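Undergrad: If it helps, the file is called structure-v3.txt and holds compact mmCIF, C-alpha atoms:
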# COMPACT_ATOMS: atom_id res chain seq x y z
CA MET Z 1 30.50 -16.02 -75.24
CA TYR Z 2 28.40 -13.46 -73.37
CA THR Z 3 26.06 -15.11 -70.90
CA PHE Z 4 22.75 -13.62 -69.84
CA ASN Z 5 21.82 -16.53 -67.56
CA PRO Z 6 20.15 -15.19 -64.39
CA GLY Z 7 22.08 -17.63 -62.22
CA PRO Z 8 24.69 -18.86 -62.00
CA SER Z 9 25.42 -15.79 -64.04
CA ALA Z 10 28.33 -13.84 -65.50
CA VAL Z 11 31.28 -13.27 -63.20
CA TYR Z 12 33.55 -10.25 -63.35
CA PRO Z 13 36.51 -10.88 -65.71
CA ALA Z 14 38.84 -9.85 -62.88
CA VAL Z 15 37.79 -12.98 -60.95
CA ARG Z 16 40.31 -14.92 -63.05
CA GLN Z 17 43.15 -12.84 -61.58
CA TYR Z 18 41.61 -12.96 -58.12
CA LEU Z 19 41.67 -16.77 -58.25
CA THR Z 20 45.34 -16.77 -59.20
CA ASP Z 21 46.08 -14.33 -56.38
CA ALA Z 22 44.16 -16.51 -53.92
CA PHE Z 23 46.37 -19.46 -54.82
CA ASP Z 24 49.59 -17.46 -54.74
CA GLU Z 25 48.68 -15.83 -51.40
CA ASP Z 26 47.83 -19.20 -49.80
CA TRP Z 27 44.17 -18.45 -49.14
CA LEU Z 28 43.05 -21.89 -50.31
CA SER Z 29 44.55 -23.63 -47.30
CA ALA Z 30 44.36 -20.81 -44.76
CA GLY Z 31 43.01 -21.86 -41.37
CA HIS Z 32 39.59 -20.33 -40.81
CA ARG Z 33 40.42 -19.56 -37.16
CA SER Z 34 43.68 -17.86 -38.12
CA ASP Z 35 44.31 -14.15 -37.70
CA LYS Z 36 44.69 -13.95 -41.48
CA VAL Z 37 41.13 -15.13 -42.17
CA ILE Z 38 39.65 -13.21 -39.24
CA SER Z 39 41.19 -10.05 -40.68
CA LEU Z 40 39.78 -10.91 -44.10
CA VAL Z 41 36.25 -11.43 -42.74
CA ARG Z 42 36.42 -8.17 -40.77
CA GLN Z 43 37.51 -6.21 -43.84
CA THR Z 44 34.91 -7.89 -46.06
CA VAL Z 45 32.12 -6.99 -43.63
CA THR Z 46 33.38 -3.40 -43.47
CA ASP Z 47 33.54 -3.10 -47.26
CA LEU Z 48 30.17 -4.76 -47.77
CA LYS Z 49 28.46 -2.28 -45.46
CA ALA Z 50 30.22 0.65 -47.10
CA LYS Z 51 29.72 -0.36 -50.74
CA LEU Z 52 26.12 -1.62 -50.37
CA ASN Z 53 24.99 1.12 -47.95
CA VAL Z 54 24.09 -1.35 -45.18
CA PRO Z 55 23.34 0.26 -41.77
CA GLN Z 56 26.22 -0.05 -39.35
CA ASP Z 57 24.05 -1.65 -36.66
CA TYR Z 58 23.02 -4.53 -38.95
CA THR Z 59 24.86 -7.82 -38.49
CA VAL Z 60 26.43 -9.56 -41.51
CA LEU Z 61 26.50 -13.37 -41.54
CA PHE Z 62 27.88 -15.76 -44.15
CA THR Z 63 25.99 -18.90 -45.16
CA GLY Z 64 26.26 -21.51 -47.88
CA SER Z 65 23.39 -20.13 -49.98
CA ALA Z 66 20.10 -18.25 -49.90
CA THR Z 67 18.31 -21.60 -49.69
CA GLU Z 68 20.11 -22.31 -46.43
CA CYS Z 69 18.82 -18.97 -45.15
CA TRP Z 70 15.23 -20.21 -45.62
CA GLU Z 71 15.98 -23.04 -43.22
CA ILE Z 72 17.86 -20.88 -40.72
CA LEU Z 73 14.97 -18.43 -40.49
CA ALA Z 74 12.41 -21.19 -39.93
CA GLN Z 75 14.55 -22.81 -37.24
CA SER Z 76 15.86 -19.77 -35.41
CA LEU Z 77 13.28 -17.01 -35.83
CA THR Z 78 9.96 -18.82 -36.20
CA PRO Z 79 8.79 -20.51 -32.99
CA ARG Z 80 5.15 -20.32 -34.19
CA ARG Z 81 4.54 -19.50 -37.86
CA SER Z 82 5.53 -17.39 -40.82
CA PHE Z 83 3.44 -15.76 -43.52
CA HIS Z 84 4.68 -15.89 -47.13
CA LEU Z 85 3.70 -13.64 -50.01
CA TYR Z 86 4.86 -14.95 -53.40
CA ASN Z 87 4.25 -14.89 -57.15
CA GLY Z 88 6.89 -17.31 -58.43
CA ASP Z 89 8.68 -20.58 -57.85
CA PHE Z 90 11.37 -19.35 -55.46
CA GLY Z 91 8.96 -17.57 -53.14
CA GLU Z 92 6.71 -20.63 -53.18
CA LYS Z 93 9.62 -22.97 -52.45
CA TRP Z 94 10.57 -20.81 -49.47
CA TYR Z 95 7.00 -21.14 -48.21
CA LYS Z 96 7.11 -24.93 -48.62
CA TYR Z 97 10.46 -25.18 -46.80
CA ALA Z 98 9.08 -23.12 -43.91
CA LYS Z 99 5.81 -25.05 -43.72
CA ALA Z 100 7.68 -28.36 -43.57
CA LEU Z 101 9.43 -27.11 -40.42
CA ARG Z 102 6.60 -24.97 -39.02
CA PRO Z 103 3.30 -26.52 -40.18
CA ALA Z 104 1.21 -23.56 -38.99
CA SER Z 105 2.87 -21.27 -41.56
CA THR Z 106 0.61 -19.78 -44.25
CA GLY Z 107 1.07 -18.28 -47.68
CA LEU Z 108 -0.66 -16.22 -50.34
CA SER Z 109 0.13 -16.16 -54.05
CA PHE Z 110 -0.51 -13.13 -56.25
CA GLY Z 111 -0.34 -12.36 -59.95
CA VAL Z 112 2.81 -11.20 -61.70
CA ASP Z 113 1.20 -7.91 -62.78
CA GLU Z 114 -0.44 -7.39 -59.40
CA LEU Z 115 0.55 -5.42 -56.32
CA PRO Z 116 -1.23 -6.94 -53.31
CA ASP Z 117 -3.21 -4.73 -50.95
CA VAL Z 118 -1.03 -4.60 -47.85
CA ALA Z 119 -3.94 -3.78 -45.55
CA GLY Z 120 -5.81 -6.89 -46.67
CA LEU Z 121 -3.02 -9.45 -46.31
CA PRO Z 122 -4.26 -12.41 -44.23
CA PHE Z 123 -1.83 -12.50 -41.33
CA ALA Z 124 -2.16 -11.44 -37.70
CA PRO Z 125 0.91 -9.43 -36.62
CA ASP Z 126 0.58 -10.52 -33.00
CA ASP Z 127 0.42 -14.20 -33.96
CA THR Z 128 3.06 -14.26 -36.71
CA ASP Z 129 6.82 -14.40 -36.21
CA LEU Z 130 7.97 -13.67 -39.76
CA VAL Z 131 6.45 -12.07 -42.84
CA CYS Z 132 8.42 -13.29 -45.85
CA ILE Z 133 8.68 -11.76 -49.33
CA THR Z 134 10.90 -12.15 -52.38
CA GLN Z 135 12.04 -8.69 -53.42
CA ASN Z 136 13.03 -9.81 -56.90
CA GLU Z 137 11.45 -13.06 -58.10
CA THR Z 138 13.96 -14.54 -60.54
CA SER Z 139 11.53 -17.09 -61.98
CA THR Z 140 8.90 -14.55 -63.06
CA ALA Z 141 11.07 -11.45 -63.58
CA THR Z 142 9.04 -9.41 -61.10
CA GLN Z 143 9.99 -6.97 -58.36
CA LEU Z 144 8.50 -5.55 -55.18
CA ARG Z 145 9.59 -1.94 -54.97
CA GLU Z 146 10.55 0.30 -52.08
CA GLY Z 147 7.07 1.76 -51.50
CA PHE Z 148 5.42 -1.64 -51.16
CA ILE Z 149 8.08 -2.87 -48.73
CA LEU Z 150 7.72 0.30 -46.64
CA ASN Z 151 3.92 -0.11 -46.44
CA LEU Z 152 4.32 -3.76 -45.44
CA TYR Z 153 6.93 -2.92 -42.81
CA ASN Z 154 4.60 -0.37 -41.26
CA ARG Z 155 1.95 -3.07 -40.81
CA LEU Z 156 4.18 -5.63 -39.07
CA GLY Z 157 3.40 -5.03 -35.42
CA GLY Z 158 5.43 -7.61 -33.51
CA ALA Z 159 6.39 -9.64 -36.59
CA LEU Z 160 9.72 -9.41 -38.40
CA LEU Z 161 10.04 -8.78 -42.14
CA ALA Z 162 12.36 -11.14 -44.03
CA VAL Z 163 13.35 -10.42 -47.63
CA ASP Z 164 14.90 -12.81 -50.14
CA ALA Z 165 16.94 -10.43 -52.30
CA THR Z 166 18.98 -13.05 -54.14
CA SER Z 167 18.81 -11.45 -57.60
CA SER Z 168 18.96 -7.84 -56.42
CA LEU Z 169 21.40 -7.81 -53.48
CA ALA Z 170 24.54 -5.91 -54.60
CA GLY Z 171 22.69 -4.68 -57.69
CA LEU Z 172 19.99 -2.39 -56.30
CA ASN Z 173 20.25 0.29 -53.64
CA LEU Z 174 17.95 -1.49 -51.19
CA LYS Z 175 16.54 0.33 -48.17
CA TYR Z 176 17.70 -2.11 -45.53
CA ILE Z 177 16.18 -0.27 -42.57
CA LYS Z 178 12.71 -1.15 -43.90
CA ALA Z 179 13.13 -4.87 -43.19
CA ASP Z 180 14.69 -6.98 -40.46
CA ILE Z 181 16.34 -9.72 -42.52
CA TRP Z 182 17.83 -9.51 -46.01
CA PHE Z 183 19.65 -12.37 -47.68
CA GLY Z 184 20.92 -13.62 -51.02
CA SER Z 185 23.50 -15.71 -52.84
CA VAL Z 186 26.53 -14.31 -54.64
CA GLN Z 187 26.12 -15.92 -58.08
CA LYS Z 188 23.95 -13.09 -59.37
CA CYS Z 189 24.53 -9.37 -58.70
CA PHE Z 190 27.81 -9.92 -56.85
CA GLY Z 191 29.32 -11.29 -60.07
CA LEU Z 192 30.88 -14.25 -58.25
CA PRO Z 193 30.80 -18.06 -58.53
CA ALA Z 194 28.08 -19.85 -56.53
CA GLY Z 195 28.77 -21.26 -53.08
CA LEU Z 196 28.32 -18.37 -50.66
CA GLY Z 197 25.30 -16.69 -49.10
CA VAL Z 198 24.99 -13.41 -47.20
CA MET Z 199 22.45 -12.62 -44.49
CA LEU Z 200 21.87 -9.19 -42.95
CA LEU Z 201 20.08 -8.91 -39.60
CA SER Z 202 18.63 -5.82 -37.94
CA PRO Z 203 19.07 -5.28 -34.19
CA ARG Z 204 15.43 -6.36 -33.80
CA ALA Z 205 16.12 -9.65 -35.58
CA VAL Z 206 19.24 -10.27 -33.48
CA ALA Z 207 17.24 -9.70 -30.29
CA GLN Z 208 14.56 -12.13 -31.46
CA ALA Z 209 17.15 -14.78 -32.32
CA LYS Z 210 18.55 -14.54 -28.79
CA LEU Z 211 15.04 -14.77 -27.32
CA VAL Z 212 14.10 -17.88 -29.33
CA ASN Z 213 17.55 -19.29 -28.52
CA ASP Z 214 17.60 -22.12 -31.07
CA ARG Z 215 20.52 -24.39 -30.14
CA ALA Z 216 19.46 -27.55 -31.96
CA HIS Z 217 21.14 -26.94 -35.33
CA TYR Z 218 24.68 -26.38 -36.57
CA ASN Z 219 23.55 -23.20 -38.36
CA ALA Z 220 21.42 -21.88 -35.49
CA LEU Z 221 21.50 -18.10 -35.32
CA PRO Z 222 22.72 -17.79 -31.70
CA ALA Z 223 25.86 -19.77 -32.56
CA MET Z 224 26.40 -17.85 -35.80
CA LEU Z 225 25.97 -14.51 -34.02
CA SER Z 226 28.31 -15.49 -31.21
CA GLN Z 227 31.09 -16.51 -33.59
CA MET Z 228 30.69 -13.40 -35.76
CA LEU Z 229 31.48 -11.23 -32.74
CA ASN Z 230 35.05 -12.41 -33.43
CA TYR Z 231 34.60 -12.39 -37.23
CA GLN Z 232 34.47 -16.16 -37.35
CA THR Z 233 31.88 -18.74 -38.39
CA ASN Z 234 30.63 -21.75 -36.44
CA TYR Z 235 31.61 -24.05 -39.32
CA THR Z 236 34.47 -24.13 -41.83
CA PRO Z 237 33.48 -21.31 -44.20
CA ASN Z 238 34.00 -20.76 -47.89
CA VAL Z 239 37.20 -18.78 -47.39
CA LEU Z 240 37.80 -18.55 -51.13
CA GLY Z 241 34.29 -17.15 -51.67
CA ILE Z 242 34.80 -14.55 -48.95
CA TYR Z 243 38.18 -13.61 -50.42
CA LEU Z 244 36.66 -13.18 -53.88
CA MET Z 245 33.87 -11.06 -52.42
CA SER Z 246 36.41 -8.88 -50.67
CA ARG Z 247 38.27 -8.30 -53.93
CA VAL Z 248 35.09 -7.54 -55.89
CA LEU Z 249 33.82 -5.13 -53.25
CA ALA Z 250 37.13 -3.29 -53.13
CA ASP Z 251 37.02 -2.74 -56.91
CA ARG Z 252 33.31 -1.92 -57.28
CA GLU Z 253 31.64 1.46 -57.45
CA PRO Z 254 29.22 2.42 -54.64
CA ILE Z 255 25.78 0.85 -54.85
CA LYS Z 256 24.02 4.10 -55.82
CA THR Z 257 26.11 4.25 -58.99
CA VAL Z 258 25.59 0.57 -59.76
CA HIS Z 259 21.85 0.87 -59.13
CA GLN Z 260 21.38 3.80 -61.49
CA HIS Z 261 23.35 2.07 -64.23
CA LEU Z 262 21.14 -1.03 -64.01
CA VAL Z 263 17.96 1.06 -63.95
CA ASP Z 264 19.04 2.93 -67.09
CA ARG Z 265 19.93 -0.30 -68.92
CA ALA Z 266 16.66 -1.95 -67.93
CA GLU Z 267 14.61 0.98 -69.20
CA LYS Z 268 16.40 0.88 -72.55
CA LEU Z 269 15.96 -2.89 -72.89
CA TYR Z 270 12.27 -2.82 -72.04
CA ALA Z 271 11.70 0.03 -74.50
CA PHE Z 272 13.56 -1.86 -77.24
CA PHE Z 273 11.65 -5.11 -76.78
CA GLU Z 274 8.32 -3.33 -76.58
CA GLN Z 275 8.83 -1.84 -80.03
CA ALA Z 276 11.36 -3.68 -82.15
CA THR Z 277 11.16 -7.48 -81.82
CA PRO Z 278 8.65 -10.35 -82.00
CA LEU Z 279 9.14 -10.90 -78.28
CA THR Z 280 7.29 -8.84 -75.69
CA PRO Z 281 8.04 -8.18 -72.01
CA LEU Z 282 6.71 -10.95 -69.80
CA ILE Z 283 5.44 -8.42 -67.27
CA SER Z 284 3.11 -5.72 -68.57
CA ASN Z 285 2.83 -3.70 -65.33
CA TYR Z 286 5.78 -1.30 -65.11
CA GLU Z 287 5.50 -1.20 -61.31
CA THR Z 288 6.07 -4.95 -60.96
CA ARG Z 289 8.77 -5.42 -63.62
CA SER Z 290 12.17 -6.49 -62.40
CA THR Z 291 15.14 -4.21 -62.94
CA THR Z 292 17.72 -6.99 -62.77
CA VAL Z 293 15.97 -9.86 -64.60
CA ILE Z 294 14.29 -8.95 -67.89
CA GLY Z 295 11.60 -11.46 -68.84
CA LEU Z 296 10.51 -11.82 -72.48
CA ARG Z 297 7.57 -13.82 -73.80
CA GLY Z 298 7.08 -15.56 -77.14
CA ASP Z 299 5.89 -18.68 -78.92
CA ALA Z 300 7.79 -21.79 -77.80
CA ALA Z 301 9.13 -22.55 -81.29
CA LEU Z 302 10.29 -18.97 -81.71
CA ILE Z 303 11.99 -18.98 -78.31
CA GLU Z 304 14.00 -22.09 -79.25
CA GLU Z 305 14.95 -20.58 -82.60
CA ILE Z 306 16.10 -17.31 -81.01
CA LYS Z 307 18.16 -19.09 -78.34
CA ALA Z 308 19.89 -21.26 -80.97
CA LYS Z 309 20.66 -18.35 -83.30
CA ALA Z 310 21.93 -16.23 -80.43
CA LYS Z 311 24.26 -18.98 -79.26
CA GLU Z 312 25.77 -19.19 -82.74
CA VAL Z 313 26.91 -15.58 -82.44
CA GLY Z 314 28.17 -15.89 -78.86
CA LEU Z 315 25.10 -14.87 -76.86
CA GLN Z 316 23.80 -17.33 -74.28
CA LEU Z 317 20.26 -16.32 -73.35
CA GLY Z 318 18.67 -17.45 -70.10
CA SER Z 319 15.82 -19.94 -70.35
CA GLY Z 320 12.50 -19.48 -68.62
CA TYR Z 321 11.84 -21.19 -65.32
CA GLY Z 322 9.26 -23.76 -64.25
CA PRO Z 323 5.96 -23.47 -66.16
CA LEU Z 324 7.41 -20.52 -68.13
CA LYS Z 325 10.47 -22.44 -69.33
CA ALA Z 326 9.40 -23.02 -72.95
CA THR Z 327 7.74 -19.67 -73.63
CA THR Z 328 10.09 -17.15 -72.02
CA ILE Z 329 13.64 -15.88 -72.14
CA ARG Z 330 15.28 -14.25 -69.13
CA ILE Z 331 18.06 -11.69 -69.52
CA ALA Z 332 20.25 -10.99 -66.50
CA ASN Z 333 20.81 -7.26 -66.11
CA PHE Z 334 23.48 -7.81 -63.45
CA PRO Z 335 26.49 -5.56 -62.78
CA ALA Z 336 29.02 -8.08 -64.14
CA VAL Z 337 27.25 -8.22 -67.53
CA PRO Z 338 29.13 -5.58 -69.55
CA ASP Z 339 27.48 -2.87 -71.61
CA ALA Z 340 29.12 -4.44 -74.68
CA ALA Z 341 27.08 -7.59 -74.10
CA MET Z 342 23.84 -5.62 -73.94
CA GLU Z 343 24.76 -3.76 -77.13
CA ALA Z 344 25.55 -7.05 -78.88
CA LEU Z 345 22.18 -8.41 -77.76
CA VAL Z 346 20.29 -5.43 -79.16
CA GLN Z 347 22.23 -5.59 -82.43
CA PHE Z 348 21.46 -9.31 -82.75
CA PHE Z 349 17.72 -8.74 -82.47
CA ALA Z 350 17.83 -5.68 -84.70
CA LYS Z 351 19.52 -7.72 -87.43
CA GLU Z 352 17.77 -11.09 -87.08
CA TYR Z 353 14.31 -9.95 -86.00
CA PRO Z 354 13.77 -6.37 -87.20
CA GLY Z 355 10.46 -4.82 -86.17
Would you encode the structure as structure tokens?

TA:
Amino acid sequence: MYTFNPGPSAVYPAVRQYLTDAFDEDWLSAGHRSDKVISLVRQTVTDLKAKLNVPQDYTVLFTGSATECWEILAQSLTPRRSFHLYNGDFGEKWYKYAKALRPASTGLSFGVDELPDVAGLPFAPDDTDLVCITQNETSTATQLREGFILNLYNRLGGALLAVDATSSLAGLNLKYIKADIWFGSVQKCFGLPAGLGVMLLSPRAVAQAKLVNDRAHYNALPAMLSQMLNYQTNYTPNVLGIYLMSRVLADREPIKTVHQHLVDRAEKLYAFFEQATPLTPLISNYETRSTTVIGLRGDAALIEEIKAKAKEVGLQLGSGYGPLKATTIRIANFPAVPDAAMEALVQFFAKEYPG
């Protein structure tokens, strides 16, 4: 069965061997303060920066998930308020999490085919701690591209820019220097099982965390930063998840190669579905279409029929999300999804639903 679920999504086939190796090498019961695990964390951080092209002066932290990162940022980097720009369920949920902790936080929704005017965004840089965006909105299959993020970064003033990159981190060649915080979970473009999050902090974000000095929470940034100086965490970490990440990173191609491969596949898929099937791309604006999550729209009855027929031939298509659940299909264009799966998908539609 090939799975195109956008999360939890396909894992690399080699993960099966990695799991066996983890058991045989006694990683499952390794003490997280031991030299063995400290060495593992150090090497994983080194490989992550090298393979994903992360600046050397950015700090890598491990969390339980991207959702936990929402809470960490509200607690440790937002003494006043944050501003949230969103066009889907995950960006909106982040806003609601932040507002529950910092009631003065504000948000603005925008359309899926729309690129907001950066100059007109309703936030005051001198009175806002964090500006928060979702680089790739999994629920709506949209994407904010490099140019938009650069323009937003240039308008920040004293605020920090935080980016949820859950369904693009380790898939796209992101320009990390154009934001202060990047984070995501590993069950998408990393090709790993769920249960681990990654957060990247710029020197500016680290300085702000020390200034705010949140000490009231177990996952407060000052404690996390202090422990990571010794390649440790302030809680018992997901050692298995870090080990699996280390193995995947060691075997993966550099991010520029991965990025181009995903871009090429996305272009071919969009072109195919625009011309040859009864489904159409969910997003009509090329500039806002996601590279890593392909959204397709159709009648609810047709969507159910397609999903059932595809499953019969070993293709598990991703359902829509939230209000789009019944009328959309989402296809994960993640690195762990093999080209053979994409070819099988195209052949299925060409045979069952010829244009």

Undergrad: Which distance in Å separates atom CA of Z:Val263 and atom CA of Z:Ser290, to one decimal?

TA: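 Atom CA of Z:Ser290 lies 9.6 Å from atom CA of Z:Val263.
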
Undergrad: Please provide as an MDAnalysis selection string all residues within 9 Å of stretch 231-237 of chain Z, with the sequence filter that same-chain residues fewer than 3 positions apart are discarded (counting all atoms listed in the file).

TA: chainID Z and resid 31:33 37:42 45 61:64 196 218:219 223:228 240:242

Undergrad: Report the distance between atom CA of Z:Leu77 and atom CA of Z:Ala205 in Å, rounded to one decimal place.

TA: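 Interatomic distance, atom CA of Z:Leu77 to atom CA of Z:Ala205: 7.9 Å.
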
Undergrad: Hey, what's within 7 Å of Z:Ser9 if we count all atoms listed in the file and toss same-chain stuff fewer than 4 positions away? As a list in words, please?

TA: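 In the requested form, the answer reads Thr3, Phe4, Asn5, Gln187 and Lys188 of chain Z.
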
Undergrad: Separation of atom CA of Z:Thr44 and atom CA of Z:Leu28, in Å?

TA: 16.7 Å

Undergrad: Could you produce a table of the residues of stretch 223-301 of chain Z lying within 8 Å of stretch 154-176 of chain Z, with the nearest pair of atoms per residue and their separation in Å rounded to one decimal, using all atoms listed in the file, ordered by chain and increasing residue number, as a tab-separated table?

TA:
residue	atom	partner	partner_atom	distance
Z:Ile255	CA	Z:Asn173	CA	5.7
Z:Lys256	CA	Z:Asn173	CA	5.8
Z:Val258	CA	Z:Gly171	CA	6.3
Z:His259	CA	Z:Leu172	CA	4.7
Z:Leu262	CA	Z:Gly171	CA	7.5
Z:Thr292	CA	Z:Ser168	CA	6.5
Z:Val293	CA	Z:Ser167	CA	7.7

Undergrad: Would you mind telling me which residue in Z:Ala266, Z:Ala22, Z:Ile72, Z:Val54 lies nearest to Z:Ala216 when using all atoms listed in the file?

TA: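 For Z:Ala216, the nearest of the candidates is Z:Ile72.
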
Undergrad: Calculated over all atoms listed in the file, which of the candidates Z:Phe123, Z:Gln143, Z:Gln275, Z:Leu221 has the smallest distance to Z:Cys69?

TA: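 Among the listed residues, the smallest separation from Z:Cys69 belongs to Z:Leu221.
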
Undergrad: Near Z:Pro79, within 8 Å and counting only C-alpha atoms, which residues show up once chain neighbours fewer than 3 positions away are dropped, as a ChimeraX atom specification?

TA: /Z:74-76,102,129,212

Undergrad: Between Z:Thr142, Z:Ser29, Z:Thr134, Z:Asn53, which one has atoms that come closest to Z:Thr257, using only C-alpha atoms?

TA: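 The closest residue to Z:Thr257 is Z:Asn53.
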
Undergrad: May I ask which of the residues Z:His217, Z:Lys51, Z:Lys311, Z:Lys351 is the closest one to Z:Ser246, counting all atoms listed in the file?

TA: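 The answer is Z:Lys51, which sits nearest to Z:Ser246.
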
Undergrad: Could you name the residues that touch Z:Leu115 at 8 Å or less, counting all atoms listed in the file, but leaving out those on the same chain fewer than 4 positions away, as a list in words?

TA: Phe110, Gly111 and Thr288 of chain Z

Undergrad: From the list Z:Gln56, Z:Thr138, Z:Asn333, Z:Ser105, which residue is nearest Z:Asn87 when using all atoms listed in the file?

TA: Z:Thr138

Undergrad: Which of these, Z:Ala194, Z:Ala220, Z:Val346, Z:Thr328, has the shortest distance to Z:Val11 once you count only C-alpha atoms?

TA: Z:Ala194
